[in-house]
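Everything below concerns the one structure shown next.
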Amino acid sequence: MTQRTRLRWNGDAALAATRAGAARGLRLAAEHILEVSRRRVPIEEATLDRSGAATVDESSLTAAVSYDTPYAIRQHEELTYRHDAGRTAKYLERPLAEEADTVGEIIAAQVRRALR
């Protein structure tokens with residue numbers, strides 16, 4: 001006796017769900033990095049902290065975390081500046097490196113969730 005199995009592949013739907021999950025994961029991951037970096041951003045009047053933003057370009061599936069003040073780059077790169085306890089230069093670069101595994105987990109979880 002021959003047994004038959006039928007498989008329906010909904011490739012377009014699967015790809016769309018994967019892309020949507022990845023975009024959602026990128027947004028959550030960028031927000032996570034923003035939160036971690038805000039705990040380290042140099043703070044005087046909190047202007048730099050308030051300028052922080054997380055954005056996602058869903059068409060290219062890229063995310064960015066940025067701080068937008070005239071001195072944001074200088075504060076990030078200048079290692080000789082003195083800051084309050086817990087505040088430091090490289091306030092964005094270090095959290096991104098330290099949280100890389102968590103970022104990957106956040107994105108993967110959203111892709112898995114979208115494919116359920």
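Here's how to read the names in the structure tokens: chain A, B, ... by the order shown, residue numbers from 1 in each chain, ligand numbers from 1 in the order shown.
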
Residues within 9 Å of A:Ala108, only C-alpha atoms, excluding chain neighbours under 6 positions, as a list in words
Gly21, Ala22 and Gly25 of chain A

If you run DSSP on this backbone, which residues of stretch 35-76 of chain A come out as helix (DSSP H, G or I), and could you give them as a PyMOL selection string?
chain A and resi 35-38+47-50+72-76

Write a file of the just-selected residues containing N, CA, C and O atoms, as an mmCIF file, in the first residue's frame.
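Everything below was put into result-v6.cif:
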data_model
loop_
_atom_site.group_PDB
_atom_site.id
_atom_site.type_symbol
_atom_site.label_atom_id
_atom_site.label_comp_id
_atom_site.auth_asym_id
_atom_site.auth_seq_id
_atom_site.Cartn_x
_atom_site.Cartn_y
_atom_site.Cartn_z
ATOM 1 N N GLU A 35 18.459 51.649 25.997
ATOM 2 C CA GLU A 35 18.264 51.626 27.451
ATOM 3 C C GLU A 35 19.578 51.369 28.184
ATOM 4 O O GLU A 35 19.901 52.054 29.159
ATOM 5 N N VAL A 36 20.343 50.388 27.729
ATOM 6 C CA VAL A 36 21.618 50.072 28.384
ATOM 7 C C VAL A 36 22.584 51.245 28.241
ATOM 8 O O VAL A 36 23.261 51.625 29.204
ATOM 9 N N SER A 37 22.642 51.847 27.070
ATOM 10 C CA SER A 37 23.576 52.958 26.866
ATOM 11 C C SER A 37 23.176 54.186 27.676
ATOM 12 O O SER A 37 24.034 54.939 28.123
ATOM 13 N N ARG A 38 21.883 54.384 27.888
ATOM 14 C CA ARG A 38 21.437 55.543 28.679
ATOM 15 C C ARG A 38 21.913 55.464 30.127
ATOM 16 O O ARG A 38 22.021 56.482 30.794
ATOM 17 N N THR A 47 20.742 66.552 28.602
ATOM 18 C CA THR A 47 20.429 66.865 27.206
ATOM 19 C C THR A 47 20.882 65.743 26.285
ATOM 20 O O THR A 47 20.140 65.317 25.392
ATOM 21 N N LEU A 48 22.087 65.251 26.500
ATOM 22 C CA LEU A 48 22.612 64.157 25.684
ATOM 23 C C LEU A 48 21.737 62.920 25.850
ATOM 24 O O LEU A 48 21.341 62.286 24.871
ATOM 25 N N ASP A 49 21.396 62.591 27.062
ATOM 26 C CA ASP A 49 20.541 61.431 27.346
ATOM 27 C C ASP A 49 19.198 61.551 26.623
ATOM 28 O O ASP A 49 18.739 60.606 25.980
ATOM 29 N N ARG A 50 18.578 62.697 26.706
ATOM 30 C CA ARG A 50 17.267 62.895 26.074
ATOM 31 C C ARG A 50 17.329 62.850 24.553
ATOM 32 O O ARG A 50 16.323 62.597 23.899
ATOM 33 N N ALA A 72 27.839 64.984 20.998
ATOM 34 C CA ALA A 72 27.643 63.553 21.253
ATOM 35 C C ALA A 72 28.850 62.725 20.824
ATOM 36 O O ALA A 72 29.303 61.852 21.571
ATOM 37 N N ILE A 73 29.367 62.971 19.639
ATOM 38 C CA ILE A 73 30.504 62.187 19.148
ATOM 39 C C ILE A 73 31.735 62.433 20.014
ATOM 40 O O ILE A 73 32.436 61.497 20.404
ATOM 41 N N ARG A 74 31.985 63.690 20.321
ATOM 42 C CA ARG A 74 33.162 64.015 21.136
ATOM 43 C C ARG A 74 33.073 63.345 22.508
ATOM 44 O O ARG A 74 34.045 62.777 23.002
ATOM 45 N N GLN A 75 31.903 63.397 23.139
ATOM 46 C CA GLN A 75 31.721 62.746 24.440
ATOM 47 C C GLN A 75 31.930 61.239 24.330
ATOM 48 O O GLN A 75 32.463 60.614 25.237
ATOM 49 N N HIS A 76 31.509 60.668 23.214
ATOM 50 C CA HIS A 76 31.653 59.221 23.024
ATOM 51 C C HIS A 76 33.108 58.818 22.836
ATOM 52 O O HIS A 76 33.559 57.805 23.357
#

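Near A:Ala97, within 12 Å and counting only C-alpha atoms, sit Ile33, Val36, Ser37, Lys90, Tyr91, Val103 and Gly104 of chain A; same-chain residues fewer than 6 positions away were not included.
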
For the selection just defined, write its residues with N, CA, C and O atoms to a file, as an mmCIF file, in the first residue's frame.
data_model
loop_
_atom_site.group_PDB
_atom_site.id
_atom_site.type_symbol
_atom_site.label_atom_id
_atom_site.label_comp_id
_atom_site.auth_asym_id
_atom_site.auth_seq_id
_atom_site.Cartn_x
_atom_site.Cartn_y
_atom_site.Cartn_z
ATOM 1 N N ILE A 33 19.425 48.311 23.473
ATOM 2 C CA ILE A 33 20.743 48.958 23.459
ATOM 3 C C ILE A 33 20.627 50.410 23.912
ATOM 4 O O ILE A 33 21.474 50.903 24.663
ATOM 5 N N VAL A 36 20.343 50.388 27.729
ATOM 6 C CA VAL A 36 21.618 50.072 28.384
ATOM 7 C C VAL A 36 22.584 51.245 28.241
ATOM 8 O O VAL A 36 23.261 51.625 29.204
ATOM 9 N N SER A 37 22.642 51.847 27.070
ATOM 10 C CA SER A 37 23.576 52.958 26.866
ATOM 11 C C SER A 37 23.176 54.186 27.676
ATOM 12 O O SER A 37 24.034 54.939 28.123
ATOM 13 N N LYS A 90 32.468 56.049 25.275
ATOM 14 C CA LYS A 90 32.115 54.768 24.632
ATOM 15 C C LYS A 90 30.796 54.239 25.190
ATOM 16 O O LYS A 90 30.570 53.036 25.287
ATOM 17 N N TYR A 91 29.912 55.151 25.553
ATOM 18 C CA TYR A 91 28.629 54.815 26.156
ATOM 19 C C TYR A 91 27.696 54.077 25.220
ATOM 20 O O TYR A 91 26.719 53.480 25.660
ATOM 21 N N VAL A 103 21.124 40.860 21.948
ATOM 22 C CA VAL A 103 20.517 41.416 20.735
ATOM 23 C C VAL A 103 20.137 40.285 19.780
ATOM 24 O O VAL A 103 19.018 40.255 19.251
ATOM 25 N N GLY A 104 21.028 39.338 19.578
ATOM 26 C CA GLY A 104 20.739 38.200 18.711
ATOM 27 C C GLY A 104 19.568 37.380 19.218
ATOM 28 O O GLY A 104 18.709 36.948 18.439
#

Of the candidates A:Ala100, A:Ala17, A:Arg4, A:Ala85, which one gets nearest to A:Arg39 if we count only C-alpha atoms?
A:Ala85

Which neighbours of A:Thr55 fall inside 7 Å, counting only C-alpha atoms, when residues of the same chain fewer than 6 positions from it are skipped, and could you give them as a VMD selection string?
chain A and resid 27 63 to 65
